[in-house]
file data-v6.txt (compact mmCIF, C-alpha atoms)
# COMPACT_ATOMS: atom_id res chain seq x y z
CA MET A 1 -153.01 -106.10 122.45
CA ALA A 2 -151.41 -104.97 119.22
CA VAL A 3 -150.64 -106.30 115.78
CA ARG A 4 -147.94 -104.97 113.47
CA HIS A 5 -148.63 -104.51 109.80
CA GLY A 6 -149.42 -101.67 107.39
CA ALA A 7 -152.82 -100.45 106.24
CA ASP A 8 -154.50 -101.72 103.11
CA VAL A 9 -154.87 -99.20 100.31
CA ALA A 10 -157.74 -99.08 97.85
CA ALA A 11 -156.02 -97.91 94.68
CA GLY A 12 -157.48 -95.59 92.06
CA ARG A 13 -158.54 -96.20 88.49
CA LEU A 14 -157.24 -93.97 85.71
CA ARG A 15 -159.15 -92.37 82.89
CA GLY A 16 -157.34 -91.41 79.67
CA SER A 17 -154.16 -93.43 79.30
CA ALA A 18 -154.39 -97.16 80.01
CA GLY A 19 -155.01 -97.57 83.75
CA VAL A 20 -152.02 -97.51 86.02
CA ALA A 21 -153.83 -96.46 89.16
CA THR A 22 -156.88 -98.44 90.27
CA VAL A 23 -159.82 -96.28 91.51
CA ALA A 24 -162.32 -94.57 89.19
CA MET A 25 -163.44 -91.10 90.21
CA LEU A 26 -166.23 -88.91 89.13
CA ALA A 27 -165.90 -85.12 89.27
CA LEU A 28 -167.52 -82.04 87.84
CA VAL A 29 -165.49 -79.92 85.42
CA ALA A 30 -167.18 -76.63 84.64
CA LEU A 31 -166.64 -75.53 81.05
CA LEU A 32 -166.40 -71.80 81.36
CA THR A 33 -166.79 -70.47 77.83
CA THR A 34 -165.51 -72.93 75.35
CA ALA A 35 -164.88 -76.62 75.18
CA CYS A 36 -164.49 -79.56 72.93
CA THR A 37 -163.50 -83.11 73.25
CA GLY A 38 -163.20 -86.68 72.58
CA GLY A 39 -163.76 -88.17 69.24
CA GLY A 40 -166.04 -85.50 67.91
CA HIS A 41 -165.85 -81.75 67.76
CA SER A 42 -167.59 -78.86 69.38
CA THR A 43 -167.74 -75.17 68.73
CA SER A 44 -168.52 -72.58 71.38
CA GLN A 45 -169.11 -68.89 70.89
CA VAL A 46 -166.92 -66.71 73.06
CA SER A 47 -168.11 -63.26 74.10
CA PRO A 48 -165.78 -60.52 75.38
CA ALA A 49 -167.34 -60.74 78.84
CA ALA A 50 -166.92 -64.51 79.05
CA ASN A 51 -164.11 -66.35 80.72
CA ALA A 52 -161.75 -68.77 78.88
CA SER A 53 -157.71 -69.84 77.62
CA THR A 54 -155.13 -70.55 73.95
CA GLN A 55 -151.55 -69.40 70.37
CA ALA A 56 -150.48 -69.46 65.75
CA SER A 57 -150.82 -66.43 63.53
CA GLY A 58 -153.37 -64.97 61.12
CA GLY A 59 -155.38 -61.92 60.11
CA THR A 60 -154.37 -58.88 58.09
CA ALA A 61 -153.13 -55.40 58.90
CA ALA A 62 -156.63 -54.05 58.27
CA GLY A 63 -158.45 -56.67 60.32
CA PRO A 64 -157.91 -58.65 63.54
CA GLN A 65 -154.52 -60.28 64.04
CA VAL A 66 -154.90 -63.62 65.81
CA SER A 67 -152.08 -65.56 67.45
CA ILE A 68 -152.39 -69.16 68.67
CA THR A 69 -149.86 -71.02 70.82
CA PRO A 70 -148.82 -73.81 70.27
CA ALA A 71 -148.18 -72.80 66.66
CA ASN A 72 -149.52 -74.66 63.67
CA GLY A 73 -147.40 -77.71 62.87
CA ALA A 74 -145.75 -78.03 66.28
CA THR A 75 -144.98 -81.67 67.12
CA GLN A 76 -143.41 -81.41 70.57
CA ALA A 77 -145.67 -78.89 72.29
CA ASP A 78 -145.33 -78.71 76.06
CA PRO A 79 -148.71 -79.88 77.43
CA SER A 80 -148.14 -78.15 80.76
CA ALA A 81 -148.19 -74.74 78.99
CA GLY A 82 -151.72 -75.28 77.68
CA ILE A 83 -153.19 -73.18 74.85
CA THR A 84 -153.17 -69.39 74.53
CA VAL A 85 -155.09 -67.32 71.97
CA THR A 86 -154.67 -63.58 71.53
CA SER A 87 -156.30 -61.07 69.18
CA ALA A 88 -154.99 -57.66 68.23
CA ARG A 89 -157.23 -55.10 66.47
CA GLY A 90 -160.32 -57.16 67.29
CA THR A 91 -162.10 -59.42 69.74
CA LEU A 92 -162.39 -63.21 69.86
CA THR A 93 -165.86 -64.51 69.00
CA HIS A 94 -165.32 -68.28 68.71
CA VAL A 95 -162.64 -70.62 70.07
CA THR A 96 -163.00 -74.29 69.21
CA VAL A 97 -160.63 -77.04 70.33
CA HIS A 98 -160.98 -80.43 68.67
CA THR A 99 -159.24 -83.47 70.20
CA SER A 100 -159.89 -87.13 70.90
CA GLY A 101 -158.49 -86.66 74.41
CA ASP A 102 -159.84 -84.96 77.51
CA PRO A 103 -162.16 -81.96 77.01
CA VAL A 104 -160.52 -78.54 76.93
CA SER A 105 -162.05 -75.68 78.88
CA GLY A 106 -160.73 -72.19 79.30
CA SER A 107 -161.39 -68.56 80.22
CA MET A 108 -161.53 -65.25 78.35
CA SER A 109 -160.09 -61.92 79.44
CA PRO A 110 -162.67 -59.17 80.11
CA GLY A 111 -161.83 -57.40 76.85
CA GLY A 112 -162.19 -60.50 74.73
CA THR A 113 -158.63 -60.35 73.43
CA LEU A 114 -157.05 -63.24 75.37
CA TRP A 115 -158.19 -66.83 75.92
CA ARG A 116 -156.29 -69.45 77.94
CA SER A 117 -157.00 -73.11 78.56
CA GLN A 118 -157.81 -73.94 82.17
CA TRP A 119 -155.90 -77.21 82.59
CA ALA A 120 -152.82 -78.81 81.09
CA LEU A 121 -153.23 -80.60 77.77
CA ASP A 122 -152.94 -84.36 77.41
CA VAL A 123 -149.54 -85.78 76.55
CA SER A 124 -149.05 -87.49 73.15
CA GLN A 125 -152.26 -85.94 71.83
CA ALA A 126 -153.27 -84.08 68.65
CA TYR A 127 -155.24 -80.83 68.83
CA THR A 128 -156.82 -78.49 66.32
CA VAL A 129 -157.66 -74.99 67.53
CA THR A 130 -159.96 -72.88 65.35
CA VAL A 131 -160.39 -69.22 66.25
CA THR A 132 -162.69 -66.54 64.85
CA ALA A 133 -162.13 -62.87 65.64
CA SER A 134 -163.96 -59.73 64.52
CA GLY A 135 -162.96 -56.09 64.36
CA HIS A 136 -162.58 -53.08 62.10
CA GLY A 137 -165.34 -54.37 59.89
CA ARG A 138 -163.62 -57.70 59.20
CA THR A 139 -163.92 -61.26 60.50
CA VAL A 140 -160.97 -63.65 60.29
CA THR A 141 -160.62 -67.35 61.10
CA THR A 142 -157.28 -68.89 62.08
CA THR A 143 -156.41 -72.54 62.75
CA SER A 144 -153.52 -74.24 64.53
CA THR A 145 -153.03 -78.01 64.41
CA PHE A 146 -150.32 -79.41 66.66
CA ARG A 147 -149.32 -82.39 68.76
CA THR A 148 -148.07 -82.48 72.36
CA LEU A 149 -144.86 -84.22 73.30
CA THR A 150 -144.49 -87.81 74.42
CA PRO A 151 -142.61 -87.62 77.74
CA ARG A 152 -139.67 -89.86 78.49
CA GLN A 153 -140.77 -90.11 82.11
CA THR A 154 -144.24 -90.07 83.63
CA PHE A 155 -145.81 -90.20 87.06
CA SER A 156 -149.02 -91.93 88.05
CA THR A 157 -151.36 -91.03 90.88
CA GLU A 158 -153.65 -93.21 92.97
CA ILE A 159 -156.40 -92.20 95.38
CA LEU A 160 -157.15 -94.18 98.52
CA GLU A 161 -160.91 -93.57 98.51
CA GLY A 162 -163.11 -96.09 96.71
CA TYR A 163 -165.94 -95.21 94.37
CA GLY A 164 -169.25 -94.78 96.18
CA GLN A 165 -167.75 -95.79 99.53
CA THR A 166 -168.68 -94.13 102.82
CA TYR A 167 -166.09 -92.56 105.15
CA GLY A 168 -166.06 -90.80 108.50
CA VAL A 169 -166.14 -87.04 109.07
CA GLY A 170 -162.37 -86.87 109.62
CA MET A 171 -161.36 -88.65 106.40
CA PRO A 172 -158.73 -86.87 104.27
CA ILE A 173 -158.50 -87.31 100.52
CA ILE A 174 -155.25 -89.26 100.17
CA LEU A 175 -153.23 -89.22 96.94
CA TYR A 176 -150.19 -91.40 96.25
CA PHE A 177 -147.62 -90.36 93.60
CA SER A 178 -145.33 -92.87 91.90
CA GLN A 179 -142.49 -90.34 91.45
CA PRO A 180 -141.08 -87.53 93.59
CA ILE A 181 -143.03 -84.33 92.90
CA THR A 182 -140.87 -81.19 92.90
CA ASP A 183 -143.33 -78.75 91.31
CA LYS A 184 -145.96 -79.32 93.94
CA ALA A 185 -147.65 -76.00 93.18
CA ALA A 186 -148.36 -77.05 89.57
CA VAL A 187 -149.84 -80.35 90.72
CA GLU A 188 -151.86 -78.72 93.49
CA ARG A 189 -153.42 -76.27 90.99
CA SER A 190 -154.63 -79.24 88.93
CA LEU A 191 -156.67 -80.73 91.79
CA GLN A 192 -160.37 -79.90 91.90
CA ILE A 193 -162.97 -80.84 94.51
CA SER A 194 -166.77 -80.58 94.39
CA THR A 195 -168.85 -81.05 97.53
CA SER A 196 -172.61 -81.23 98.04
CA LYS A 197 -172.21 -78.97 101.09
CA PRO A 198 -169.83 -75.97 101.41
CA VAL A 199 -166.41 -77.00 102.75
CA VAL A 200 -163.20 -75.12 103.52
CA GLY A 201 -159.98 -77.14 103.53
CA ALA A 202 -156.40 -77.32 102.30
CA TRP A 203 -153.84 -79.64 100.70
CA TYR A 204 -150.80 -80.91 102.61
CA TRP A 205 -147.72 -82.49 101.03
CA ASP A 206 -145.85 -85.29 102.77
CA GLU A 207 -142.65 -87.07 101.73
CA PRO A 208 -141.52 -89.63 102.37
CA CYS A 209 -144.90 -91.00 103.32
CA ASN A 210 -146.61 -94.32 103.86
CA MET A 211 -147.20 -96.33 100.66
CA ALA A 212 -145.51 -93.88 98.21
CA VAL A 213 -142.56 -91.57 97.63
CA THR A 214 -144.81 -88.50 97.73
CA CYS A 215 -148.30 -88.06 99.18
CA ALA A 216 -150.81 -85.23 99.18
CA TYR A 217 -153.70 -85.02 101.64
CA PHE A 218 -156.77 -82.80 101.47
CA ARG A 219 -158.30 -82.16 104.89
CA PRO A 220 -161.20 -79.88 105.73
CA ARG A 221 -160.45 -77.13 108.26
CA ASP A 222 -162.97 -78.78 110.58
CA TYR A 223 -164.64 -82.16 110.27
CA TRP A 224 -166.68 -82.77 107.12
CA PRO A 225 -170.41 -82.07 107.43
CA ALA A 226 -172.15 -85.42 107.86
CA GLY A 227 -173.87 -86.57 104.70
CA THR A 228 -171.57 -84.75 102.27
CA THR A 229 -170.92 -86.20 98.81
CA VAL A 230 -167.37 -85.48 97.61
CA SER A 231 -166.22 -85.57 93.98
CA PHE A 232 -162.55 -85.21 93.08
CA THR A 233 -160.85 -84.59 89.74
CA GLY A 234 -157.09 -84.56 89.31
CA HIS A 235 -156.41 -82.86 85.95
CA LEU A 236 -152.97 -84.45 85.98
CA ASN A 237 -152.57 -85.37 82.32
CA GLY A 238 -149.85 -83.09 80.97
CA VAL A 239 -148.86 -81.58 84.32
CA GLN A 240 -145.08 -81.45 84.77
CA GLY A 241 -144.58 -82.70 88.32
CA ALA A 242 -140.78 -82.60 88.12
CA PRO A 243 -138.37 -81.59 85.33
CA GLY A 244 -139.23 -83.81 82.35
CA VAL A 245 -141.71 -85.91 84.37
CA TYR A 246 -145.35 -85.56 83.32
CA GLY A 247 -148.66 -86.94 84.46
CA TYR A 248 -150.48 -88.94 81.79
CA HIS A 249 -153.98 -89.53 83.12
CA THR A 250 -156.98 -87.74 84.58
CA LEU A 251 -157.98 -89.15 87.96
CA THR A 252 -161.57 -88.97 89.22
CA GLN A 253 -163.46 -90.29 92.21
CA THR A 254 -166.71 -89.81 94.11
CA PHE A 255 -167.36 -90.93 97.68
CA ASP A 256 -169.62 -90.08 100.62
CA ILE A 257 -169.17 -88.84 104.17
CA GLY A 258 -171.45 -90.74 106.52
CA ALA A 259 -172.75 -90.03 110.00
CA SER A 260 -170.59 -88.31 112.60
CA LEU A 261 -169.07 -90.95 114.90
CA ILE A 262 -166.59 -89.52 117.41
CA ALA A 263 -164.74 -91.56 120.03
CA VAL A 264 -162.82 -89.95 122.92
CA GLY A 265 -160.81 -92.32 125.12
CA ASN A 266 -159.25 -91.16 128.38
CA THR A 267 -156.42 -93.34 129.69
CA GLU A 268 -156.60 -91.73 133.16
CA THR A 269 -160.33 -92.15 133.77
CA HIS A 270 -160.37 -95.54 131.98
CA SER A 271 -163.42 -94.56 129.94
CA THR A 272 -164.44 -93.76 126.38
CA GLN A 273 -167.29 -91.61 125.18
CA ILE A 274 -168.96 -92.36 121.86
CA TYR A 275 -170.80 -89.47 120.19
CA TYR A 276 -173.16 -90.10 117.29
CA ASN A 277 -174.32 -87.18 115.14
CA GLY A 278 -173.34 -84.70 117.82
CA LYS A 279 -174.90 -86.43 120.83
CA LEU A 280 -173.36 -88.63 123.52
CA ARG A 281 -174.64 -92.11 122.85
CA TYR A 282 -172.38 -94.33 124.99
CA ASN A 283 -170.02 -93.96 127.96
CA TRP A 284 -168.06 -97.19 128.30
CA PRO A 285 -165.34 -98.45 130.67
CA ILE A 286 -162.03 -99.26 128.98
CA SER A 287 -158.56 -100.54 129.73
CA SER A 288 -155.79 -98.90 127.69
CA GLY A 289 -152.04 -99.52 127.42
CA ARG A 290 -150.22 -100.63 130.55
CA PRO A 291 -147.07 -98.80 131.77
CA GLY A 292 -144.41 -99.20 129.09
CA ASP A 293 -147.06 -99.90 126.43
CA ALA A 294 -149.13 -96.74 126.85
CA THR A 295 -151.72 -95.96 124.20
CA PRO A 296 -150.38 -92.74 122.58
CA ASP A 297 -152.29 -89.47 122.78
CA GLY A 298 -153.58 -87.95 119.54
CA SER A 299 -156.55 -87.44 117.28
CA TYR A 300 -156.49 -90.46 115.00
CA LEU A 301 -158.87 -91.87 112.40
CA THR A 302 -160.19 -95.38 112.08
CA ILE A 303 -158.29 -97.15 109.29
CA GLU A 304 -159.90 -100.56 108.89
CA LYS A 305 -161.79 -103.18 110.84
CA ALA A 306 -161.98 -106.96 110.93
CA ASN A 307 -163.68 -109.67 112.94
CA PRO A 308 -161.47 -111.23 114.10
CA VAL A 309 -157.88 -109.96 113.87
CA GLN A 310 -154.98 -112.25 114.74
CA MET A 311 -152.87 -110.21 117.17
CA THR A 312 -149.36 -111.25 118.05
CA GLY A 313 -146.64 -109.89 120.28
CA PRO A 314 -144.16 -110.94 122.96
CA GLY A 315 -145.68 -113.95 124.63
CA TYR A 316 -149.10 -113.91 122.94
CA SER A 317 -150.92 -114.76 119.73
CA ILE A 318 -154.67 -114.45 119.92
CA SER A 319 -157.67 -114.10 117.64
CA VAL A 320 -159.46 -110.91 118.70
CA PRO A 321 -163.10 -110.22 117.74
CA TRP A 322 -164.64 -106.85 116.81
CA SER A 323 -161.38 -104.99 116.11
CA VAL A 324 -161.23 -101.43 114.71
CA ARG A 325 -157.74 -100.19 113.90
CA PHE A 326 -156.50 -96.60 114.36
CA THR A 327 -152.67 -96.78 114.07
CA PHE A 328 -150.47 -98.51 111.51
CA SER A 329 -148.37 -99.96 114.34
CA GLY A 330 -151.39 -101.92 115.56
CA ASP A 331 -153.55 -100.03 118.06
CA TYR A 332 -157.25 -100.94 118.02
CA TYR A 333 -160.53 -100.44 119.79
CA HIS A 334 -161.42 -104.12 120.28
CA ASP A 335 -163.19 -106.81 122.26
CA ALA A 336 -161.09 -107.86 125.24
CA TYR A 337 -163.25 -110.42 127.03
CA TRP A 338 -160.23 -111.40 129.13
CA SER A 339 -159.88 -107.93 130.76
CA VAL A 340 -163.51 -107.04 131.51
CA GLY A 341 -162.72 -107.06 135.23
CA GLN A 342 -159.99 -104.40 134.80
CA GLN A 343 -161.94 -102.21 132.37
CA GLY A 344 -162.85 -98.95 134.07
CA PHE A 345 -160.16 -99.41 136.76
CA GLU A 346 -156.75 -100.36 135.39
CA ASN A 347 -154.67 -100.14 132.19
CA VAL A 348 -153.50 -103.64 131.29
CA SER A 349 -153.38 -103.82 127.47
CA HIS A 350 -150.38 -103.90 125.13
CA GLY A 351 -151.45 -100.51 123.69
CA CYS A 352 -154.95 -101.12 122.41
CA VAL A 353 -158.20 -99.86 123.91
CA ASN A 354 -159.95 -102.85 125.51
CA LEU A 355 -163.75 -102.97 125.48
CA SER A 356 -166.30 -105.48 126.68
CA PRO A 357 -167.59 -107.87 123.97
CA ALA A 358 -170.95 -106.09 123.71
CA ASP A 359 -169.42 -102.60 123.56
CA ALA A 360 -166.80 -103.64 121.02
CA GLU A 361 -169.43 -105.18 118.76
CA THR A 362 -171.57 -102.04 118.97
CA TYR A 363 -168.67 -99.75 118.01
CA TYR A 364 -167.50 -102.12 115.28
CA ASN A 365 -170.89 -102.08 113.60
CA LEU A 366 -170.98 -98.27 113.56
CA ALA A 367 -167.41 -97.60 112.45
CA VAL A 368 -166.22 -96.78 108.92
CA PRO A 369 -162.73 -95.61 107.85
CA GLY A 370 -162.13 -91.99 108.80
CA ASP A 371 -164.07 -91.85 112.08
CA PRO A 372 -162.15 -89.69 114.58
CA ILE A 373 -160.68 -91.30 117.70
CA THR A 374 -159.00 -88.97 120.21
CA ILE A 375 -156.87 -90.48 122.97
CA THR A 376 -156.16 -88.25 125.98
CA GLY A 377 -154.42 -88.49 129.34
CA SER A 378 -151.52 -90.66 128.19
CA PRO A 379 -147.87 -90.25 129.24
CA LYS A 380 -146.95 -91.08 125.63
CA GLY A 381 -147.35 -88.67 122.69
CA GLY A 382 -148.55 -89.65 119.25
CA THR A 383 -146.25 -90.10 116.26
CA TRP A 384 -146.88 -88.33 112.95
CA GLY A 385 -147.54 -90.85 110.19
CA ASN A 386 -148.48 -93.69 112.56
CA GLY A 387 -151.97 -93.83 111.12
CA TRP A 388 -153.90 -91.08 109.37
CA THR A 389 -152.59 -88.32 111.61
CA GLU A 390 -153.64 -85.23 109.62
CA TRP A 391 -155.68 -84.05 112.62
CA PHE A 392 -152.54 -83.82 114.78
CA LEU A 393 -151.99 -80.47 113.04
CA SER A 394 -153.78 -77.22 113.72
CA TRP A 395 -155.34 -75.39 110.78
CA SER A 396 -152.44 -72.90 110.62
CA GLN A 397 -149.92 -75.75 110.69
CA TYR A 398 -151.83 -77.59 107.99
CA LEU A 399 -151.79 -74.57 105.69
CA GLN A 400 -148.00 -74.51 105.90
CA GLY A 401 -147.95 -77.88 104.17
CA SER A 402 -149.68 -76.52 101.07
CA ALA A 403 -147.39 -75.67 98.16
CA LEU A 404 -149.61 -72.67 97.41
CA HIS A 405 -150.18 -71.78 101.10
CA GLU A 406 -153.80 -71.20 100.17
CA ALA A 407 -157.08 -72.59 101.41
CA VAL A 408 -159.61 -74.39 99.21
CA GLN A 409 -163.25 -73.37 99.12
CA ALA A 410 -165.36 -76.20 97.72
CA GLY A 411 -169.04 -76.53 96.94
CA PRO A 412 -171.41 -77.99 94.34
CA ASP A 413 -169.81 -75.93 91.55
CA GLY A 414 -166.23 -76.99 92.25
CA SER A 415 -163.37 -75.46 94.18
CA THR A 416 -161.22 -72.34 94.18
CA PHE A 417 -158.02 -71.40 95.98
CA VAL A 418 -158.38 -68.45 98.36
CA ASN A 419 -156.22 -66.45 100.72
CA PRO A 420 -156.81 -68.00 104.18
CA ALA A 421 -156.80 -64.53 105.74
CA THR A 422 -160.00 -63.67 103.84
CA LEU A 423 -161.96 -66.55 105.40
CA PRO A 424 -164.26 -66.00 108.38
CA PRO A 425 -162.94 -67.65 111.55
CA SER A 426 -164.03 -71.17 112.37
CA THR A 427 -166.78 -71.59 114.95
CA ALA A 428 -166.26 -75.35 115.31
CA THR A 429 -165.76 -76.77 118.79
CA ALA A 430 -163.73 -79.81 119.85
CA PRO A 431 -164.09 -82.74 120.02
CA LEU A 432 -167.35 -83.06 118.07
CA GLU A 433 -166.74 -80.62 115.19
CA THR A 434 -162.94 -80.53 115.06
CA ALA A 435 -159.93 -82.08 116.74
CA PRO A 436 -158.67 -80.69 120.09
CA ALA A 437 -155.63 -78.43 119.86
CA GLY A 438 -152.28 -80.01 120.64
CA ASN A 439 -153.92 -83.40 120.79
CA ASP A 440 -150.75 -85.46 120.10
CA ALA A 441 -148.78 -84.12 123.08
CA ALA A 442 -148.00 -86.46 125.97
CA HIS A 443 -149.44 -85.67 129.41

call {"tool": "encode", "arguments": {"input": "data-v6.txt", "output": "structure tokens"}}
result
Amino acid sequence: MAVRHGADVAAGRLRGSAGVATVAMLALVALLTTACTGGGHSTSQVSPAANASTQASGGTAAGPQVSITPANGATQADPSAGITVTSARGTLTHVTVHTSGDPVSGSMSPGGTLWRSQWALDVSQAYTVTVTASGHGRTVTTTSTFRTLTPRQTFSTEILEGYGQTYGVGMPIILYFSQPITDKAAVERSLQISTSKPVVGAWYWDEPCNMAVTCAYFRPRDYWPAGTTVSFTGHLNGVQGAPGVYGYHTLTQTFDIGASLIAVGNTETHSTQIYYNGKLRYNWPISSGRPGDATPDGSYLTIEKANPVQMTGPGYSISVPWSVRFTFSGDYYHDAYWSVGQQGFENVSHGCVNLSPADAETYYNLAVPGDPITITGSPKGGTWGNGWTEWFLSWSQYLQGSALHEAVQAGPDGSTFVNPATLPPSTATAPLETAPAGNDAAH
């Protein structure tokens, strides 16, 4: 049987400006050579070999000539441009940024003559940049105090994942944007991921999408390693997502990937296999969608579960125990005590996967959002967006949805964008380590 309604969304909480999204996130931001922040001040020495980013003017013809952008006294500085510091006739030795907003980190050119901030600056925020440079026997110090603009339009971002929650090995990071995003590349560059175990993945943009005007999904190339802790930081404050439309908050979240729970249901053999941490644990009889209501093929993810769910449709309204949902349109793995006699022999459901009461309860107790469910053997193909369908796409197809067309390499120290062609090929096998190819096609 099936029920029709959308999926619940756990919203994100914002840090920085007063919260518009609703999920707090925790992420690691590596300060490369210089930083300073909130309420106080901090000074970092910058060596020519270090990495960092910042622009005003100072120095003399005989000594170093320092330039800082934004210039001293600016009141409408573009936060998306960040800070740039350059030094002629000398090298930068200290760059200090003082602000009551988010910390500022940056990187230095190899010669020590150029420093740039790593992320966009906060909107509506005051900054003081103090720079010391040495050369030709002289040391000069230059300061620029400026304020970033207050945008007329802003966008907010929410993340589906909840703080400290556990998700399945197929779970994408799902971001919802309140406004259309036209400069997707700028936003994508602001997104950072840290993982306790090495992960390769990519971002994919979707619009229109469920729950928002624009969505972005991060999916690993293959399923997450079980037991991975994931931390996300969206350095969105000051990013110009569309002409004149700026982000105004930094979004952070930390969540966990649990055990590997993989379900494969075959509508032709009327059976489902349940794999736990790479091993076949159960092989159960099922009854899937009857002719005209076929359960669609595809590699889906569990969305939510409830015990019971009130399912309604033409000619029925019934309270169904032990129900685990995998499409937005209302397909579930669930207890169907009324069809136990047909399970293993005949497809009689309205689109759901019917299980015996004991089997349904067992699966229900194991399942968390993001566990992969692959349906095979159906005469009906899956529909993109009817559920979390990111695994309908092959890795090459998924990369095409990135604004940068680059892969993301993540680990304990954060993430970097890389050319996908430089990555070693995947050795993952379906269905336990990745989704089967072409899984949403009808048979």

call {"tool": "atom_distance", "arguments": {"input": "data-v6.txt", "atom1": "CA of Ser349 (chain A)", "atom2": "CA of Lys279 (chain A)"}}
result
28.5 Å

call {"tool": "closest_residue", "arguments": {"input": "data-v6.txt", "among": "A:Phe146, A:Trp119, A:Trp205, A:Trp338", "to": "Gln400 (chain A)", "atoms": "all atoms listed in the file"}}
result
A:Trp205

call {"tool": "atom_distance", "arguments": {"input": "data-v6.txt", "atom1": "CA of Asn277 (chain A)", "atom2": "CA of Thr429 (chain A)"}}
result
14.0 Å

call {"tool": "residues_around", "arguments": {"input": "data-v6.txt", "residues": "Ile274 (chain A)", "least_positions_apart": "4", "cutoff": "9 Å", "atoms": "only C-alpha atoms", "output": "NGL selection string"}}
result
:A and (261-265 or 279-284 or 363)

call {"tool": "residues_near_point", "arguments": {"input": "data-v6.txt", "point": "(-158.9, -93.8, 133.9)", "cutoff": "9 Å", "atoms": "only C-alpha atoms", "output": "PDB file with C-alpha atoms, in the frame of the given file"}}
result
ATOM      1  CA  ASN A 266    -159.250 -91.160 128.380  1.00  0.00           C
ATOM      2  CA  THR A 267    -156.420 -93.340 129.690  1.00  0.00           C
ATOM      3  CA  GLU A 268    -156.600 -91.730 133.160  1.00  0.00           C
ATOM      4  CA  THR A 269    -160.330 -92.150 133.770  1.00  0.00           C
ATOM      5  CA  HIS A 270    -160.370 -95.540 131.980  1.00  0.00           C
ATOM      6  CA  SER A 271    -163.420 -94.560 129.940  1.00  0.00           C
ATOM      7  CA  PRO A 285    -165.340 -98.450 130.670  1.00  0.00           C
ATOM      8  CA  ILE A 286    -162.030 -99.260 128.980  1.00  0.00           C
ATOM      9  CA  SER A 287    -158.560-100.540 129.730  1.00  0.00           C
ATOM     10  CA  SER A 288    -155.790 -98.900 127.690  1.00  0.00           C
ATOM     11  CA  GLY A 344    -162.850 -98.950 134.070  1.00  0.00           C
ATOM     12  CA  PHE A 345    -160.160 -99.410 136.760  1.00  0.00           C
ATOM     13  CA  GLU A 346    -156.750-100.360 135.390  1.00  0.00           C
ATOM     14  CA  ASN A 347    -154.670-100.140 132.190  1.00  0.00           C
ATOM     15  CA  GLY A 377    -154.420 -88.490 129.340  1.00  0.00           C
TER      16      GLY A 377
END

call {"tool": "closest_residue", "arguments": {"input": "data-v6.txt", "among": "A:Pro220, A:Gly73, A:Gly201, A:Pro151", "to": "Val418 (chain A)", "atoms": "all atoms listed in the file"}}
result
A:Gly201

call {"tool": "residues_around", "arguments": {"input": "data-v6.txt", "residues": "Gly63 (chain A)", "least_positions_apart": "4", "cutoff": "10 Å", "atoms": "all atoms listed in the file", "output": "number ranges by chain"}}
result
A: 58-59, 88-90, 133-140

call {"tool": "closest_residue", "arguments": {"input": "data-v6.txt", "among": "A:Trp391, A:Trp384, A:Thr427, A:Leu366", "to": "Asn210 (chain A)", "atoms": "only C-alpha atoms"}}
result
A:Trp384

call {"tool": "closest_residue", "arguments": {"input": "data-v6.txt", "among": "A:Asp183, A:Asp413, A:Glu433, A:Asp102", "to": "Tyr248 (chain A)", "atoms": "only C-alpha atoms"}}
result
A:Asp102

call {"tool": "residues_near_point", "arguments": {"input": "data-v6.txt", "point": "(-164.9, -79.5, 108.4)", "cutoff": "9 Å", "atoms": "only C-alpha atoms", "output": "CSV table (one decimal) with C-alpha atoms, keeping the file's coordinate frame"}}
result
chain,number,residue,atom,x,y,z
A,169,VAL,CA,-166.1,-87.0,109.1
A,170,GLY,CA,-162.4,-86.9,109.6
A,199,VAL,CA,-166.4,-77.0,102.8
A,200,VAL,CA,-163.2,-75.1,103.5
A,201,GLY,CA,-160.0,-77.1,103.5
A,219,ARG,CA,-158.3,-82.2,104.9
A,220,PRO,CA,-161.2,-79.9,105.7
A,221,ARG,CA,-160.4,-77.1,108.3
A,222,ASP,CA,-163.0,-78.8,110.6
A,223,TYR,CA,-164.6,-82.2,110.3
A,224,TRP,CA,-166.7,-82.8,107.1
A,225,PRO,CA,-170.4,-82.1,107.4
A,428,ALA,CA,-166.3,-75.4,115.3
A,433,GLU,CA,-166.7,-80.6,115.2
A,434,THR,CA,-162.9,-80.5,115.1

call {"tool": "residues_around", "arguments": {"input": "data-v6.txt", "residues": "Val129 (chain A)", "least_positions_apart": "3", "cutoff": "10 Å", "atoms": "all atoms listed in the file", "output": "tab-separated table (two decimals) with C-alpha atoms, keeping the file's coordinate frame"}}
result
chain	number	residue	atom	x	y	z
A	36	CYS	CA	-164.49	-79.56	72.93
A	54	THR	CA	-155.13	-70.55	73.95
A	55	GLN	CA	-151.55	-69.40	70.37
A	56	ALA	CA	-150.48	-69.46	65.75
A	68	ILE	CA	-152.39	-69.16	68.67
A	69	THR	CA	-149.86	-71.02	70.82
A	70	PRO	CA	-148.82	-73.81	70.27
A	71	ALA	CA	-148.18	-72.80	66.66
A	72	ASN	CA	-149.52	-74.66	63.67
A	83	ILE	CA	-153.19	-73.18	74.85
A	85	VAL	CA	-155.09	-67.32	71.97
A	95	VAL	CA	-162.64	-70.62	70.07
A	96	THR	CA	-163.00	-74.29	69.21
A	97	VAL	CA	-160.63	-77.04	70.33
A	98	HIS	CA	-160.98	-80.43	68.67
A	99	THR	CA	-159.24	-83.47	70.20
A	142	THR	CA	-157.28	-68.89	62.08
A	143	THR	CA	-156.41	-72.54	62.75
A	144	SER	CA	-153.52	-74.24	64.53
A	145	THR	CA	-153.03	-78.01	64.41
A	146	PHE	CA	-150.32	-79.41	66.66
